[in-house]
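Undergrad: Next comes the structure file structure_32.txt, holding compact mmCIF, N, CA and C atoms.
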# COMPACT_ATOMS: atom_id res chain seq x y z
N MET G 324 0.83 -1.20 0.00
CA MET G 324 0.00 0.00 0.00
C MET G 324 0.86 1.25 0.00
N ASN G 325 1.99 1.22 0.67
CA ASN G 325 2.86 2.38 0.76
C ASN G 325 3.38 2.79 -0.61
N ASN G 326 3.77 1.81 -1.45
CA ASN G 326 4.25 2.12 -2.79
C ASN G 326 3.14 2.70 -3.66
N LEU G 327 1.93 2.24 -3.46
CA LEU G 327 0.79 2.76 -4.22
C LEU G 327 0.54 4.22 -3.88
N VAL G 328 0.66 4.57 -2.63
CA VAL G 328 0.45 5.96 -2.20
C VAL G 328 1.55 6.85 -2.78
N LYS G 329 2.79 6.39 -2.77
CA LYS G 329 3.89 7.16 -3.35
C LYS G 329 3.67 7.36 -4.85
N TYR G 330 3.23 6.33 -5.53
CA TYR G 330 2.95 6.41 -6.96
C TYR G 330 1.82 7.40 -7.22
N TYR G 331 0.79 7.37 -6.41
CA TYR G 331 -0.34 8.29 -6.54
C TYR G 331 0.13 9.73 -6.42
N TYR G 332 0.92 10.03 -5.40
CA TYR G 332 1.42 11.39 -5.20
C TYR G 332 2.34 11.81 -6.35
N LEU G 333 3.12 10.93 -6.86
CA LEU G 333 4.01 11.23 -7.99
C LEU G 333 3.19 11.59 -9.23
N VAL G 334 2.15 10.83 -9.50
CA VAL G 334 1.29 11.09 -10.66
C VAL G 334 0.56 12.42 -10.49
N ILE G 335 0.02 12.68 -9.34
CA ILE G 335 -0.70 13.93 -9.08
C ILE G 335 0.24 15.12 -9.22
N THR G 336 1.45 15.02 -8.70
CA THR G 336 2.43 16.10 -8.81
C THR G 336 2.81 16.35 -10.25
N ALA G 337 3.02 15.31 -11.01
CA ALA G 337 3.37 15.46 -12.43
C ALA G 337 2.24 16.12 -13.21
N LEU G 338 1.01 15.73 -12.94
CA LEU G 338 -0.13 16.34 -13.62
C LEU G 338 -0.29 17.81 -13.26
N ALA G 339 -0.13 18.13 -12.00
CA ALA G 339 -0.25 19.52 -11.56
C ALA G 339 0.84 20.39 -12.19
N LEU G 340 2.04 19.87 -12.25
CA LEU G 340 3.15 20.61 -12.86
C LEU G 340 2.91 20.84 -14.34
N SER G 341 2.40 19.84 -15.02
CA SER G 341 2.14 19.99 -16.46
C SER G 341 1.02 20.99 -16.72
N LEU G 342 0.03 21.05 -15.85
CA LEU G 342 -1.05 22.02 -16.02
C LEU G 342 -0.56 23.44 -15.81
N VAL G 343 0.30 23.64 -14.85
CA VAL G 343 0.81 24.98 -14.56
C VAL G 343 1.69 25.47 -15.70
N THR G 344 2.56 24.65 -16.21
CA THR G 344 3.46 25.09 -17.27
C THR G 344 2.75 25.19 -18.60
N ALA G 345 1.69 24.46 -18.82
CA ALA G 345 0.98 24.49 -20.09
C ALA G 345 0.16 25.76 -20.25
N CYS G 346 -0.13 26.46 -19.18
CA CYS G 346 -0.99 27.64 -19.24
C CYS G 346 -0.23 28.92 -19.53
N SER G 347 1.06 28.89 -19.58
CA SER G 347 1.84 30.09 -19.85
C SER G 347 1.76 30.45 -21.32
N ALA G 348 1.58 31.74 -21.57
CA ALA G 348 1.54 32.21 -22.96
C ALA G 348 2.96 32.19 -23.54
N GLU G 349 3.04 31.96 -24.83
CA GLU G 349 4.33 31.92 -25.49
C GLU G 349 4.94 33.32 -25.50
N ILE G 350 6.21 33.40 -25.19
CA ILE G 350 6.90 34.68 -25.16
C ILE G 350 6.82 35.33 -26.53
N GLY G 351 6.39 36.59 -26.54
CA GLY G 351 6.27 37.33 -27.78
C GLY G 351 4.88 37.31 -28.38
N SER G 352 4.00 36.45 -27.87
CA SER G 352 2.63 36.41 -28.39
C SER G 352 1.86 37.62 -27.89
N GLU G 353 0.73 37.90 -28.54
CA GLU G 353 -0.08 39.05 -28.13
C GLU G 353 -0.58 38.88 -26.69
N ALA G 354 -0.92 37.66 -26.32
CA ALA G 354 -1.40 37.39 -24.95
C ALA G 354 -0.28 37.64 -23.94
N TRP G 355 0.94 37.25 -24.28
CA TRP G 355 2.07 37.46 -23.38
C TRP G 355 2.36 38.95 -23.23
N CYS G 356 2.34 39.69 -24.34
CA CYS G 356 2.58 41.13 -24.28
C CYS G 356 1.53 41.82 -23.43
N ALA G 357 0.26 41.42 -23.59
CA ALA G 357 -0.81 42.02 -22.80
C ALA G 357 -0.65 41.69 -21.31
N ALA G 358 -0.26 40.47 -21.01
CA ALA G 358 -0.05 40.07 -19.61
C ALA G 358 1.12 40.84 -19.00
N MET G 359 2.15 41.07 -19.78
CA MET G 359 3.31 41.82 -19.27
C MET G 359 2.95 43.28 -19.04
N GLN G 360 2.07 43.85 -19.86
CA GLN G 360 1.65 45.22 -19.67
C GLN G 360 0.83 45.36 -18.39
N GLU G 361 0.11 44.33 -18.01
CA GLU G 361 -0.68 44.34 -16.77
C GLU G 361 0.19 44.13 -15.54
N LYS G 362 1.31 43.44 -15.69
CA LYS G 362 2.21 43.13 -14.58
C LYS G 362 3.01 44.38 -14.22
N PRO G 363 3.12 44.72 -12.94
CA PRO G 363 3.93 45.89 -12.55
C PRO G 363 5.37 45.74 -13.03
N ALA G 364 5.91 46.82 -13.58
CA ALA G 364 7.26 46.78 -14.16
C ALA G 364 8.31 46.42 -13.11
N GLY G 365 8.07 46.71 -11.86
CA GLY G 365 9.01 46.37 -10.79
C GLY G 365 9.11 44.88 -10.55
N ASP G 366 8.13 44.12 -11.01
CA ASP G 366 8.12 42.67 -10.83
C ASP G 366 8.72 41.93 -12.01
N TRP G 367 9.11 42.64 -13.05
CA TRP G 367 9.70 42.01 -14.23
C TRP G 367 11.12 41.57 -13.94
N THR G 368 11.52 40.47 -14.53
CA THR G 368 12.92 40.06 -14.47
C THR G 368 13.65 40.74 -15.63
N ALA G 369 14.96 40.69 -15.62
CA ALA G 369 15.74 41.28 -16.70
C ALA G 369 15.42 40.60 -18.03
N ASN G 370 15.25 39.30 -18.01
CA ASN G 370 14.91 38.56 -19.24
C ASN G 370 13.53 38.95 -19.75
N GLU G 371 12.57 39.11 -18.85
CA GLU G 371 11.24 39.52 -19.27
C GLU G 371 11.26 40.91 -19.90
N ALA G 372 12.00 41.84 -19.30
CA ALA G 372 12.10 43.19 -19.85
C ALA G 372 12.74 43.17 -21.23
N SER G 373 13.78 42.39 -21.38
CA SER G 373 14.45 42.28 -22.68
C SER G 373 13.53 41.66 -23.73
N ASP G 374 12.84 40.59 -23.36
CA ASP G 374 11.92 39.95 -24.29
C ASP G 374 10.76 40.87 -24.65
N PHE G 375 10.27 41.62 -23.67
CA PHE G 375 9.17 42.55 -23.93
C PHE G 375 9.61 43.61 -24.93
N ALA G 376 10.78 44.17 -24.72
CA ALA G 376 11.29 45.18 -25.65
C ALA G 376 11.48 44.60 -27.04
N LYS G 377 12.04 43.42 -27.11
CA LYS G 377 12.35 42.80 -28.40
C LYS G 377 11.09 42.41 -29.16
N HIS G 378 10.10 41.83 -28.48
CA HIS G 378 8.94 41.26 -29.16
C HIS G 378 7.73 42.18 -29.19
N CYS G 379 7.59 43.07 -28.21
CA CYS G 379 6.36 43.86 -28.11
C CYS G 379 6.56 45.32 -28.53
N ILE G 380 7.76 45.85 -28.36
CA ILE G 380 7.99 47.24 -28.69
C ILE G 380 8.67 47.38 -30.04
N PHE G 381 9.76 46.69 -30.23
CA PHE G 381 10.56 46.82 -31.45
C PHE G 381 10.19 45.78 -32.50
N ASN G 382 8.98 45.33 -32.47
CA ASN G 382 8.53 44.29 -33.39
C ASN G 382 8.31 44.81 -34.76
Since I need it in another form, could you write the structure as structure tokens?

TA:
Amino acid sequence: MNNLVKYYYLVITALALSLVTACSAEIGSEAWCAAMQEKPAGDWTANEASDFAKHCIFN
């Protein structure tokens, strides 16, 4: 029974992780640009700021 419980938790964790990562908009897409405009600029990482400039401003 112990191995079955471990397997259950492993499967649930893998499914939850795949759902979270699958919902992110592709960098440079219109949805991503709109989401970045809604996000406070102080919360942006350096990579996000660079990607925003490259894909949303200088496109």

Undergrad: As a compact mmCIF listing (two decimals) with N, CA and C atoms, in the frame of the given file, please: the residues near Gly351 in chain G (cut-off 6 Å, only N, CA and C atoms, same-chain neighbours under 2 positions excluded).

TA:
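So the final result, stored in part00.txt, reads:
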# COMPACT_ATOMS: atom_id res chain seq x y z
N GLU G 349 3.04 31.96 -24.83
CA GLU G 349 4.33 31.92 -25.49
C GLU G 349 4.94 33.32 -25.50
N GLU G 353 0.73 37.90 -28.54
CA GLU G 353 -0.08 39.05 -28.13
C GLU G 353 -0.58 38.88 -26.69
N TRP G 355 0.94 37.25 -24.28
CA TRP G 355 2.07 37.46 -23.38
C TRP G 355 2.36 38.95 -23.23
N CYS G 356 2.34 39.69 -24.34
CA CYS G 356 2.58 41.13 -24.28
C CYS G 356 1.53 41.82 -23.43
N HIS G 378 10.10 41.83 -28.48
CA HIS G 378 8.94 41.26 -29.16
C HIS G 378 7.73 42.18 -29.19
N CYS G 379 7.59 43.07 -28.21
CA CYS G 379 6.36 43.86 -28.11
C CYS G 379 6.56 45.32 -28.53

Undergrad: Work out how far apart CA of Asn382 in chain G and atom N of Ala364 in chain G are and give it in Å to one decimal.

TA: 20.1 Å

Undergrad: If you run DSSP on the backbone, which residues of chain G are alpha helix (DSSP H), as number ranges by chain?

TA: G: 325-345, 353-361, 369-375

Undergrad: Just N, CA and C atoms for this one: save the residues we selected as a tab-separated table (two decimals), in the frame of the given file.

TA:
chain	number	residue	atom	x	y	z
G	325	ASN	N	1.99	1.22	0.67
G	325	ASN	CA	2.86	2.38	0.76
G	325	ASN	C	3.38	2.79	-0.61
G	326	ASN	N	3.77	1.81	-1.45
G	326	ASN	CA	4.25	2.12	-2.79
G	326	ASN	C	3.14	2.70	-3.66
G	327	LEU	N	1.93	2.24	-3.46
G	327	LEU	CA	0.79	2.76	-4.22
G	327	LEU	C	0.54	4.22	-3.88
G	328	VAL	N	0.66	4.57	-2.63
G	328	VAL	CA	0.45	5.96	-2.20
G	328	VAL	C	1.55	6.85	-2.78
G	329	LYS	N	2.79	6.39	-2.77
G	329	LYS	CA	3.89	7.16	-3.35
G	329	LYS	C	3.67	7.36	-4.85
G	330	TYR	N	3.23	6.33	-5.53
G	330	TYR	CA	2.95	6.41	-6.96
G	330	TYR	C	1.82	7.40	-7.22
G	331	TYR	N	0.79	7.37	-6.41
G	331	TYR	CA	-0.34	8.29	-6.54
G	331	TYR	C	0.13	9.73	-6.42
G	332	TYR	N	0.92	10.03	-5.40
G	332	TYR	CA	1.42	11.39	-5.20
G	332	TYR	C	2.34	11.81	-6.35
G	333	LEU	N	3.12	10.93	-6.86
G	333	LEU	CA	4.01	11.23	-7.99
G	333	LEU	C	3.19	11.59	-9.23
G	334	VAL	N	2.15	10.83	-9.50
G	334	VAL	CA	1.29	11.09	-10.66
G	334	VAL	C	0.56	12.42	-10.49
G	335	ILE	N	0.02	12.68	-9.34
G	335	ILE	CA	-0.70	13.93	-9.08
G	335	ILE	C	0.24	15.12	-9.22
G	336	THR	N	1.45	15.02	-8.70
G	336	THR	CA	2.43	16.10	-8.81
G	336	THR	C	2.81	16.35	-10.25
G	337	ALA	N	3.02	15.31	-11.01
G	337	ALA	CA	3.37	15.46	-12.43
G	337	ALA	C	2.24	16.12	-13.21
G	338	LEU	N	1.01	15.73	-12.94
G	338	LEU	CA	-0.13	16.34	-13.62
G	338	LEU	C	-0.29	17.81	-13.26
G	339	ALA	N	-0.13	18.13	-12.00
G	339	ALA	CA	-0.25	19.52	-11.56
G	339	ALA	C	0.84	20.39	-12.19
G	340	LEU	N	2.04	19.87	-12.25
G	340	LEU	CA	3.15	20.61	-12.86
G	340	LEU	C	2.91	20.84	-14.34
G	341	SER	N	2.40	19.84	-15.02
G	341	SER	CA	2.14	19.99	-16.46
G	341	SER	C	1.02	20.99	-16.72
G	342	LEU	N	0.03	21.05	-15.85
G	342	LEU	CA	-1.05	22.02	-16.02
G	342	LEU	C	-0.56	23.44	-15.81
G	343	VAL	N	0.30	23.64	-14.85
G	343	VAL	CA	0.81	24.98	-14.56
G	343	VAL	C	1.69	25.47	-15.70
G	344	THR	N	2.56	24.65	-16.21
G	344	THR	CA	3.46	25.09	-17.27
G	344	THR	C	2.75	25.19	-18.60
G	345	ALA	N	1.69	24.46	-18.82
G	345	ALA	CA	0.98	24.49	-20.09
G	345	ALA	C	0.16	25.76	-20.25
G	353	GLU	N	0.73	37.90	-28.54
G	353	GLU	CA	-0.08	39.05	-28.13
G	353	GLU	C	-0.58	38.88	-26.69
G	354	ALA	N	-0.92	37.66	-26.32
G	354	ALA	CA	-1.40	37.39	-24.95
G	354	ALA	C	-0.28	37.64	-23.94
G	355	TRP	N	0.94	37.25	-24.28
G	355	TRP	CA	2.07	37.46	-23.38
G	355	TRP	C	2.36	38.95	-23.23
G	356	CYS	N	2.34	39.69	-24.34
G	356	CYS	CA	2.58	41.13	-24.28
G	356	CYS	C	1.53	41.82	-23.43
G	357	ALA	N	0.26	41.42	-23.59
G	357	ALA	CA	-0.81	42.02	-22.80
G	357	ALA	C	-0.65	41.69	-21.31
G	358	ALA	N	-0.26	40.47	-21.01
G	358	ALA	CA	-0.05	40.07	-19.61
G	358	ALA	C	1.12	40.84	-19.00
G	359	MET	N	2.15	41.07	-19.78
G	359	MET	CA	3.31	41.82	-19.27
G	359	MET	C	2.95	43.28	-19.04
G	360	GLN	N	2.07	43.85	-19.86
G	360	GLN	CA	1.65	45.22	-19.67
G	360	GLN	C	0.83	45.36	-18.39
G	361	GLU	N	0.11	44.33	-18.01
G	361	GLU	CA	-0.68	44.34	-16.77
G	361	GLU	C	0.19	44.13	-15.54
G	369	ALA	N	14.96	40.69	-15.62
G	369	ALA	CA	15.74	41.28	-16.70
G	369	ALA	C	15.42	40.60	-18.03
G	370	ASN	N	15.25	39.30	-18.01
G	370	ASN	CA	14.91	38.56	-19.24
G	370	ASN	C	13.53	38.95	-19.75
G	371	GLU	N	12.57	39.11	-18.85
G	371	GLU	CA	11.24	39.52	-19.27
G	371	GLU	C	11.26	40.91	-19.90
G	372	ALA	N	12.00	41.84	-19.30
G	372	ALA	CA	12.10	43.19	-19.85
G	372	ALA	C	12.74	43.17	-21.23
G	373	SER	N	13.78	42.39	-21.38
G	373	SER	CA	14.45	42.28	-22.68
G	373	SER	C	13.53	41.66	-23.73
G	374	ASP	N	12.84	40.59	-23.36
G	374	ASP	CA	11.92	39.95	-24.29
G	374	ASP	C	10.76	40.87	-24.65
G	375	PHE	N	10.27	41.62	-23.67
G	375	PHE	CA	9.17	42.55	-23.93
G	375	PHE	C	9.61	43.61	-24.93

Undergrad: Taking all listed atoms of range 375-380 of chain G, build the axis-aligned box, pad each of the six sides by 6 Å, then write its centre and edge lengths in Å to one decimal as lines of an AutoDock Vina configuration file.

TA:
center_x = 9.4
center_y = 44.3
center_z = -26.9
size_x = 18.0
size_y = 18.1
size_z = 18.4

Undergrad: What's the separation between CA of Ala357 in chain G and atom C of Ile380 in chain G, in Å to one decimal place?

TA: 13.1 Å
